[in-house]
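Q: What follows is data.pdb, PDB, C-alpha atoms.
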```pdb
MODEL        1
ATOM      1  CA  MET I   1     -19.142  -4.546  83.670  1.00  0.00           C
ATOM      2  CA  THR I   2     -19.654  -2.691  80.398  1.00  0.00           C
ATOM      3  CA  HIS I   3     -21.816  -3.739  77.479  1.00  0.00           C
ATOM      4  CA  ALA I   4     -18.641  -4.298  75.411  1.00  0.00           C
ATOM      5  CA  ILE I   5     -17.259  -6.770  77.954  1.00  0.00           C
ATOM      6  CA  ARG I   6     -20.619  -8.552  78.107  1.00  0.00           C
ATOM      7  CA  VAL I   7     -20.447  -8.970  74.309  1.00  0.00           C
ATOM      8  CA  LEU I   8     -16.933 -10.455  74.569  1.00  0.00           C
ATOM      9  CA  GLU I   9     -18.011 -12.829  77.328  1.00  0.00           C
ATOM     10  CA  ALA I  10     -21.172 -13.871  75.486  1.00  0.00           C
ATOM     11  CA  GLY I  11     -19.014 -14.661  72.451  1.00  0.00           C
ATOM     12  CA  GLY I  12     -16.593 -16.724  74.525  1.00  0.00           C
ATOM     13  CA  ILE I  13     -13.756 -14.353  73.603  1.00  0.00           C
ATOM     14  CA  PRO I  14     -10.712 -14.638  75.886  1.00  0.00           C
ATOM     15  CA  HIS I  15      -9.797 -11.181  77.171  1.00  0.00           C
ATOM     16  CA  VAL I  16      -7.955  -9.457  79.987  1.00  0.00           C
ATOM     17  CA  VAL I  17      -9.320  -6.224  81.453  1.00  0.00           C
ATOM     18  CA  ARG I  18      -6.760  -3.447  81.954  1.00  0.00           C
ATOM     19  CA  GLU I  19      -7.707  -0.253  83.789  1.00  0.00           C
ATOM     20  CA  TYR I  20      -5.849   3.046  83.933  1.00  0.00           C
ATOM     21  CA  ARG I  21      -6.589   6.564  85.146  1.00  0.00           C
ATOM     22  CA  TYR I  22      -8.239   8.395  82.241  1.00  0.00           C
ATOM     23  CA  VAL I  23      -6.632  11.739  81.409  1.00  0.00           C
ATOM     24  CA  GLU I  24      -8.575  14.199  79.236  1.00  0.00           C
ATOM     25  CA  HIS I  25      -6.799  14.496  75.854  1.00  0.00           C
ATOM     26  CA  GLY I  26      -4.201  11.917  76.970  1.00  0.00           C
ATOM     27  CA  GLY I  27      -5.209   9.440  74.281  1.00  0.00           C
ATOM     28  CA  THR I  28      -3.461   6.176  73.637  1.00  0.00           C
ATOM     29  CA  ALA I  29      -0.077   7.652  74.567  1.00  0.00           C
ATOM     30  CA  GLU I  30      -1.222   8.193  78.154  1.00  0.00           C
ATOM     31  CA  ALA I  31      -2.824   4.750  78.362  1.00  0.00           C
ATOM     32  CA  ALA I  32       0.377   3.157  77.032  1.00  0.00           C
ATOM     33  CA  ARG I  33       2.495   5.086  79.529  1.00  0.00           C
ATOM     34  CA  GLN I  34       0.355   4.125  82.521  1.00  0.00           C
ATOM     35  CA  LEU I  35       0.041   0.474  81.522  1.00  0.00           C
ATOM     36  CA  GLY I  36       3.649   0.020  80.379  1.00  0.00           C
ATOM     37  CA  GLU I  37       2.464  -1.030  76.923  1.00  0.00           C
ATOM     38  CA  ASN I  38       3.582  -0.184  73.389  1.00  0.00           C
ATOM     39  CA  GLU I  39       1.243   2.492  72.011  1.00  0.00           C
ATOM     40  CA  HIS I  40       1.323   0.759  68.617  1.00  0.00           C
ATOM     41  CA  ALA I  41      -0.517  -2.218  70.178  1.00  0.00           C
ATOM     42  CA  ILE I  42      -3.296  -0.039  71.580  1.00  0.00           C
ATOM     43  CA  VAL I  43      -6.019   0.169  68.956  1.00  0.00           C
ATOM     44  CA  LYS I  44      -8.245   3.211  68.890  1.00  0.00           C
ATOM     45  CA  THR I  45     -11.855   3.094  67.721  1.00  0.00           C
ATOM     46  CA  LEU I  46     -12.748   6.035  65.503  1.00  0.00           C
ATOM     47  CA  VAL I  47     -16.063   6.923  63.905  1.00  0.00           C
ATOM     48  CA  PHE I  48     -15.913   8.278  60.344  1.00  0.00           C
ATOM     49  CA  ALA I  49     -18.629   9.056  57.821  1.00  0.00           C
ATOM     50  CA  GLU I  50     -19.229  10.361  54.338  1.00  0.00           C
ATOM     51  CA  THR I  51     -22.559  11.689  55.601  1.00  0.00           C
ATOM     52  CA  PRO I  52     -23.820  11.735  59.200  1.00  0.00           C
ATOM     53  CA  LYS I  53     -26.330   9.034  58.237  1.00  0.00           C
ATOM     54  CA  ALA I  54     -23.672   6.472  57.190  1.00  0.00           C
ATOM     55  CA  PRO I  55     -21.040   6.193  59.956  1.00  0.00           C
ATOM     56  CA  VAL I  56     -18.406   3.448  60.073  1.00  0.00           C
ATOM     57  CA  LEU I  57     -15.898   2.309  62.678  1.00  0.00           C
ATOM     58  CA  VAL I  58     -12.203   2.575  61.852  1.00  0.00           C
ATOM     59  CA  LEU I  59      -9.750   0.667  64.044  1.00  0.00           C
ATOM     60  CA  MET I  60      -6.220   2.057  63.947  1.00  0.00           C
ATOM     61  CA  HIS I  61      -2.938   1.704  65.840  1.00  0.00           C
ATOM     62  CA  GLY I  62      -2.806   4.212  68.679  1.00  0.00           C
ATOM     63  CA  ASP I  63       0.360   5.859  67.411  1.00  0.00           C
ATOM     64  CA  CYS I  64      -0.935   6.290  63.837  1.00  0.00           C
ATOM     65  CA  GLU I  65      -3.437   8.506  62.069  1.00  0.00           C
ATOM     66  CA  VAL I  66      -6.128   7.572  59.547  1.00  0.00           C
ATOM     67  CA  SER I  67      -5.850   8.993  56.036  1.00  0.00           C
ATOM     68  CA  ALA I  68      -9.380  10.150  55.227  1.00  0.00           C
ATOM     69  CA  LYS I  69      -8.520  10.078  51.508  1.00  0.00           C
ATOM     70  CA  ALA I  70      -7.278   6.478  51.678  1.00  0.00           C
ATOM     71  CA  LEU I  71     -10.373   5.520  53.677  1.00  0.00           C
ATOM     72  CA  ALA I  72     -12.672   7.108  51.090  1.00  0.00           C
ATOM     73  CA  ARG I  73     -10.848   5.236  48.311  1.00  0.00           C
ATOM     74  CA  ALA I  74     -11.101   1.943  50.231  1.00  0.00           C
ATOM     75  CA  LEU I  75     -14.843   2.448  50.742  1.00  0.00           C
ATOM     76  CA  GLY I  76     -15.487   3.689  47.208  1.00  0.00           C
ATOM     77  CA  THR I  77     -16.834   7.021  48.393  1.00  0.00           C
ATOM     78  CA  ARG I  78     -16.000  10.578  47.491  1.00  0.00           C
ATOM     79  CA  THR I  79     -14.973  11.763  50.952  1.00  0.00           C
ATOM     80  CA  MET I  80     -14.749  10.559  54.533  1.00  0.00           C
ATOM     81  CA  ALA I  81     -14.268  12.594  57.691  1.00  0.00           C
ATOM     82  CA  PRO I  82     -14.287  11.983  61.438  1.00  0.00           C
ATOM     83  CA  CYS I  83     -17.734  12.345  62.974  1.00  0.00           C
ATOM     84  CA  ALA I  84     -18.441  15.056  65.503  1.00  0.00           C
ATOM     85  CA  PRO I  85     -18.153  13.749  69.078  1.00  0.00           C
ATOM     86  CA  HIS I  86     -21.925  13.991  69.686  1.00  0.00           C
ATOM     87  CA  VAL I  87     -22.615  11.942  66.536  1.00  0.00           C
ATOM     88  CA  ALA I  88     -20.044   9.301  67.523  1.00  0.00           C
ATOM     89  CA  ALA I  89     -21.579   9.059  71.004  1.00  0.00           C
ATOM     90  CA  ARG I  90     -25.124   8.823  69.623  1.00  0.00           C
ATOM     91  CA  VAL I  91     -24.435   6.029  67.129  1.00  0.00           C
ATOM     92  CA  THR I  92     -22.136   3.966  69.365  1.00  0.00           C
ATOM     93  CA  GLY I  93     -23.764   4.519  72.747  1.00  0.00           C
ATOM     94  CA  TYR I  94     -20.324   5.204  74.205  1.00  0.00           C
ATOM     95  CA  GLN I  95     -18.694   8.410  75.382  1.00  0.00           C
ATOM     96  CA  VAL I  96     -15.840   9.705  73.221  1.00  0.00           C
ATOM     97  CA  GLY I  97     -12.625   8.475  74.824  1.00  0.00           C
ATOM     98  CA  GLY I  98     -14.431   5.277  75.771  1.00  0.00           C
ATOM     99  CA  ILE I  99     -15.765   4.052  72.421  1.00  0.00           C
ATOM    100  CA  SER I 100     -15.519   0.306  71.981  1.00  0.00           C
ATOM    101  CA  PRO I 101     -16.236  -1.438  68.692  1.00  0.00           C
ATOM    102  CA  PHE I 102     -18.103  -4.140  70.643  1.00  0.00           C
ATOM    103  CA  GLY I 103     -21.755  -3.718  71.568  1.00  0.00           C
ATOM    104  CA  THR I 104     -22.382  -0.436  69.792  1.00  0.00           C
ATOM    105  CA  ARG I 105     -25.897   0.998  69.858  1.00  0.00           C
ATOM    106  CA  GLN I 106     -26.106   0.764  66.062  1.00  0.00           C
ATOM    107  CA  THR I 107     -24.433  -2.037  64.164  1.00  0.00           C
ATOM    108  CA  LEU I 108     -21.775  -0.201  62.164  1.00  0.00           C
ATOM    109  CA  PRO I 109     -19.497  -1.523  59.431  1.00  0.00           C
ATOM    110  CA  ALA I 110     -15.990  -1.915  60.843  1.00  0.00           C
ATOM    111  CA  TYR I 111     -12.709  -1.385  59.012  1.00  0.00           C
ATOM    112  CA  VAL I 112      -9.397  -2.321  60.577  1.00  0.00           C
ATOM    113  CA  GLU I 113      -5.929  -1.236  59.495  1.00  0.00           C
ATOM    114  CA  ALA I 114      -4.552  -4.519  58.121  1.00  0.00           C
ATOM    115  CA  THR I 115      -1.254  -4.247  60.019  1.00  0.00           C
ATOM    116  CA  VAL I 116      -3.150  -4.477  63.322  1.00  0.00           C
ATOM    117  CA  LEU I 117      -3.613  -8.181  62.606  1.00  0.00           C
ATOM    118  CA  ASP I 118       0.190  -8.630  62.533  1.00  0.00           C
ATOM    119  CA  LEU I 119       0.343  -8.002  66.292  1.00  0.00           C
ATOM    120  CA  PRO I 120       0.261 -10.955  68.720  1.00  0.00           C
ATOM    121  CA  ARG I 121      -2.132  -9.096  71.068  1.00  0.00           C
ATOM    122  CA  ILE I 122      -3.922  -5.753  71.088  1.00  0.00           C
ATOM    123  CA  LEU I 123      -5.528  -3.559  73.695  1.00  0.00           C
ATOM    124  CA  ILE I 124      -8.803  -1.917  72.672  1.00  0.00           C
ATOM    125  CA  ASN I 125     -11.390   0.117  74.514  1.00  0.00           C
ATOM    126  CA  GLY I 126     -13.661  -1.904  76.745  1.00  0.00           C
ATOM    127  CA  GLY I 127     -16.607   0.477  76.735  1.00  0.00           C
ATOM    128  CA  ARG I 128     -15.665   3.298  79.078  1.00  0.00           C
ATOM    129  CA  ARG I 129     -12.890   5.787  79.612  1.00  0.00           C
ATOM    130  CA  GLY I 130      -9.911   4.243  81.390  1.00  0.00           C
ATOM    131  CA  LEU I 131     -10.796   0.664  80.458  1.00  0.00           C
ATOM    132  CA  LEU I 132      -9.007  -1.425  77.831  1.00  0.00           C
ATOM    133  CA  VAL I 133      -9.282  -5.110  77.048  1.00  0.00           C
ATOM    134  CA  ALA I 134      -6.400  -7.222  75.791  1.00  0.00           C
ATOM    135  CA  ILE I 135      -7.520  -9.581  73.024  1.00  0.00           C
ATOM    136  CA  ALA I 136      -6.195 -11.410  69.997  1.00  0.00           C
ATOM    137  CA  PRO I 137      -6.445  -9.110  66.960  1.00  0.00           C
ATOM    138  CA  SER I 138      -8.256 -11.813  65.001  1.00  0.00           C
ATOM    139  CA  VAL I 139     -11.299 -11.081  67.198  1.00  0.00           C
ATOM    140  CA  LEU I 140     -11.829  -7.901  65.176  1.00  0.00           C
ATOM    141  CA  VAL I 141     -12.469  -9.964  62.057  1.00  0.00           C
ATOM    142  CA  ASP I 142     -14.157 -12.908  63.767  1.00  0.00           C
ATOM    143  CA  LEU I 143     -16.579 -10.983  65.973  1.00  0.00           C
ATOM    144  CA  LEU I 144     -17.006  -7.679  64.120  1.00  0.00           C
ATOM    145  CA  HIS I 145     -16.579  -9.047  60.591  1.00  0.00           C
ATOM    146  CA  ALA I 146     -14.205  -6.120  60.091  1.00  0.00           C
ATOM    147  CA  THR I 147     -12.827  -5.474  56.633  1.00  0.00           C
ATOM    148  CA  LEU I 148      -9.052  -5.122  56.320  1.00  0.00           C
ATOM    149  CA  VAL I 149      -7.882  -1.828  54.823  1.00  0.00           C
ATOM    150  CA  HIS I 150      -4.653   0.111  54.406  1.00  0.00           C
ATOM    151  CA  VAL I 151      -5.583   3.612  55.567  1.00  0.00           C
ATOM    152  CA  ARG I 152      -2.639   4.686  57.694  1.00  0.00           C
ATOM    153  CA  ALA I 153      -1.618   8.275  56.997  1.00  0.00           C
TER     154      ALA I 153
ENDMDL
END
```
Could you show the structure in this file as structure tokens?

A:
Amino acid sequence: MTHAIRVLEAGGIPHVVREYRYVEHGGTAEAARQLGENEHAIVKTLVFAETPKAPVLVLMHGDCEVSAKALARALGTRTMAPCAPHVAARVTGYQVGGISPFGTRQTLPAYVEATVLDLPRILINGGRRGLLVAIAPSVLVDLLHATLVHVRA
């Protein structure tokens, strides 16, 4: 059991664990293919920052990209960029490809693409490569206090 799943269970969050064979550089497309799911409903957890000392989590549909310019505008900063993998791993406590927004090492502000909440159910990383959890999208706001943004490229 991962720390992310322990956080969900401690919060009484209904979830279903889904495992697949992790493929290096396969991303959400490979997970969707193996699980027979729509890639749009798989939500990836990305770590962005204006400076390495102020990282944030960005939750985006698996088949979409984040506009760094739109994210910077939404956060009222000059620029935003994806963090280097070693920075993302250090601040979250998770390996890249297995980053969950739940139970991160540092409490990070979370921003979710608003259209994610339109889905009836999402799959999001459960804290290790090859492990997703199916949850209601409202959990992102309820548990993470995520801010809704429109940052799809």

Q: So that I can check the surroundings of segment 93-95 of chain I, please list as a PDB file with C-alpha atoms, in the coordinates of the input every protein, DNA and RNA residue that reaches within 9 Å of it, counting only C-alpha atoms and ignoring chain neighbours fewer than 5 positions away.

A:
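See selection-v7.pdb below for the written result:
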```pdb
ATOM      1  CA  PRO I  85     -18.153  13.749  69.078  1.00  0.00           C
ATOM      2  CA  HIS I  86     -21.925  13.991  69.686  1.00  0.00           C
ATOM      3  CA  ALA I  88     -20.044   9.301  67.523  1.00  0.00           C
ATOM      4  CA  SER I 100     -15.519   0.306  71.981  1.00  0.00           C
ATOM      5  CA  GLY I 103     -21.755  -3.718  71.568  1.00  0.00           C
ATOM      6  CA  THR I 104     -22.382  -0.436  69.792  1.00  0.00           C
ATOM      7  CA  ARG I 105     -25.897   0.998  69.858  1.00  0.00           C
ATOM      8  CA  GLN I 106     -26.106   0.764  66.062  1.00  0.00           C
ATOM      9  CA  GLY I 127     -16.607   0.477  76.735  1.00  0.00           C
ATOM     10  CA  ARG I 128     -15.665   3.298  79.078  1.00  0.00           C
ATOM     11  CA  ARG I 129     -12.890   5.787  79.612  1.00  0.00           C
TER      12      ARG I 129
END
```

Q: Is there a way to get, as a PyMOL selection string, all residues within 10 Å of the point (-2.2, -2.9, 62.5) in file coordinates, counting all atoms listed in the file?

A: chain I and resi 40-43+59-62+64+112-119+122+137+148-150+152

Q: Care to translate the PyMOL selection byres ((chain I and resi 1) around 10) into actual residues of this file, as a PyMOL selection string?

A: chain I and resi 2-6+126-128

Q: Taking 5 positions as the minimum chain separation for residues in the same chain, which residues sit within 8 Å of Asn125 of chain I when counting all atoms listed in the file? Answer as a PyMOL selection string.

A: chain I and resi 43-45+98-101+131-133

Q: Would you mind reading off the distance between atom CA of Ala136 of chain I and atom CA of Leu8 of chain I, one decimal, in Å?

A: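 Spanning atom CA of Ala136 of chain I to atom CA of Leu8 of chain I is a straight-line distance of 11.7 Å.
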
Q: At what distance in Å, to one decimal, does atom CA of Thr51 of chain I lie from atom CA of Thr107 of chain I?

A: 16.3 Å

Q: Of the residues I:Ala153, I:Val139, I:Val91, I:Ala81, which is the one nearest to Glu50 of chain I, using all atoms listed in the file?

A: I:Ala81

Q: Hey, can you check how far atom CA of Pro120 of chain I sits from atom CA of Ile13 of chain I?

A: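 Result for atom CA of Pro120 of chain I versus atom CA of Ile13 of chain I: 15.2 Å, one decimal.
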
Q: From the set I:Ala32, I:Val47, I:Ala146, I:Val7, which residue has the shortest atom-to-atom contact distance to Gly130 of chain I, counting only C-alpha atoms?

A: I:Ala32

Q: Tell me which of I:Ala49, I:Val141, I:Ala31, I:Ala110 sits closest to Met80 of chain I, counting all atoms listed in the file.

A: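 Closest to Met80 of chain I, using all atoms listed in the file: I:Ala49.
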
Q: Go through I:Leu144, I:Gly76, I:Asp63, I:Tyr111 and flag the residue nearest Glu30 of chain I, using all atoms listed in the file for the distances.

A: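 Of all the options, I:Asp63 lies closest to Glu30 of chain I.
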
Q: Atoms are missing here; could segment 81-94 of chain I be completed with N, CA and C atoms and written as a PDB file, in the frame of the given file?

A:
```pdb
ATOM      1  N   ALA I  81     -14.781  11.696  56.659  1.00  0.00           N
ATOM      2  CA  ALA I  81     -14.268  12.594  57.691  1.00  0.00           C
ATOM      3  C   ALA I  81     -14.668  12.056  59.056  1.00  0.00           C
ATOM      4  N   PRO I  82     -13.899  12.408  60.088  1.00  0.00           N
ATOM      5  CA  PRO I  82     -14.287  11.983  61.438  1.00  0.00           C
ATOM      6  C   PRO I  82     -15.638  12.599  61.798  1.00  0.00           C
ATOM      7  N   CYS I  83     -16.442  11.840  62.510  1.00  0.00           N
ATOM      8  CA  CYS I  83     -17.734  12.345  62.974  1.00  0.00           C
ATOM      9  C   CYS I  83     -17.524  13.289  64.152  1.00  0.00           C
ATOM     10  N   ALA I  84     -18.447  14.192  64.325  1.00  0.00           N
ATOM     11  CA  ALA I  84     -18.441  15.056  65.503  1.00  0.00           C
ATOM     12  C   ALA I  84     -18.627  14.175  66.739  1.00  0.00           C
ATOM     13  N   PRO I  85     -18.043  14.573  67.869  1.00  0.00           N
ATOM     14  CA  PRO I  85     -18.153  13.749  69.078  1.00  0.00           C
ATOM     15  C   PRO I  85     -19.592  13.386  69.453  1.00  0.00           C
ATOM     16  N   HIS I  86     -20.544  14.311  69.308  1.00  0.00           N
ATOM     17  CA  HIS I  86     -21.925  13.991  69.686  1.00  0.00           C
ATOM     18  C   HIS I  86     -22.534  12.950  68.743  1.00  0.00           C
ATOM     19  N   VAL I  87     -22.128  12.947  67.484  1.00  0.00           N
ATOM     20  CA  VAL I  87     -22.615  11.942  66.536  1.00  0.00           C
ATOM     21  C   VAL I  87     -22.016  10.581  66.886  1.00  0.00           C
ATOM     22  N   ALA I  88     -20.710  10.558  67.155  1.00  0.00           N
ATOM     23  CA  ALA I  88     -20.044   9.301  67.523  1.00  0.00           C
ATOM     24  C   ALA I  88     -20.673   8.707  68.781  1.00  0.00           C
ATOM     25  N   ALA I  89     -20.959   9.540  69.764  1.00  0.00           N
ATOM     26  CA  ALA I  89     -21.579   9.059  71.004  1.00  0.00           C
ATOM     27  C   ALA I  89     -22.995   8.542  70.743  1.00  0.00           C
ATOM     28  N   ARG I  90     -23.742   9.229  69.904  1.00  0.00           N
ATOM     29  CA  ARG I  90     -25.124   8.823  69.623  1.00  0.00           C
ATOM     30  C   ARG I  90     -25.184   7.474  68.909  1.00  0.00           C
ATOM     31  N   VAL I  91     -24.334   7.268  67.908  1.00  0.00           N
ATOM     32  CA  VAL I  91     -24.435   6.029  67.129  1.00  0.00           C
ATOM     33  C   VAL I  91     -23.785   4.834  67.821  1.00  0.00           C
ATOM     34  N   THR I  92     -22.793   5.086  68.686  1.00  0.00           N
ATOM     35  CA  THR I  92     -22.136   3.966  69.365  1.00  0.00           C
ATOM     36  C   THR I  92     -22.728   3.668  70.735  1.00  0.00           C
ATOM     37  N   GLY I  93     -23.283   4.693  71.380  1.00  0.00           N
ATOM     38  CA  GLY I  93     -23.764   4.519  72.747  1.00  0.00           C
ATOM     39  C   GLY I  93     -22.659   4.658  73.770  1.00  0.00           C
ATOM     40  N   TYR I  94     -21.478   5.037  73.318  1.00  0.00           N
ATOM     41  CA  TYR I  94     -20.324   5.204  74.205  1.00  0.00           C
ATOM     42  C   TYR I  94     -19.845   6.648  74.169  1.00  0.00           C
TER      43      TYR I  94
END
```
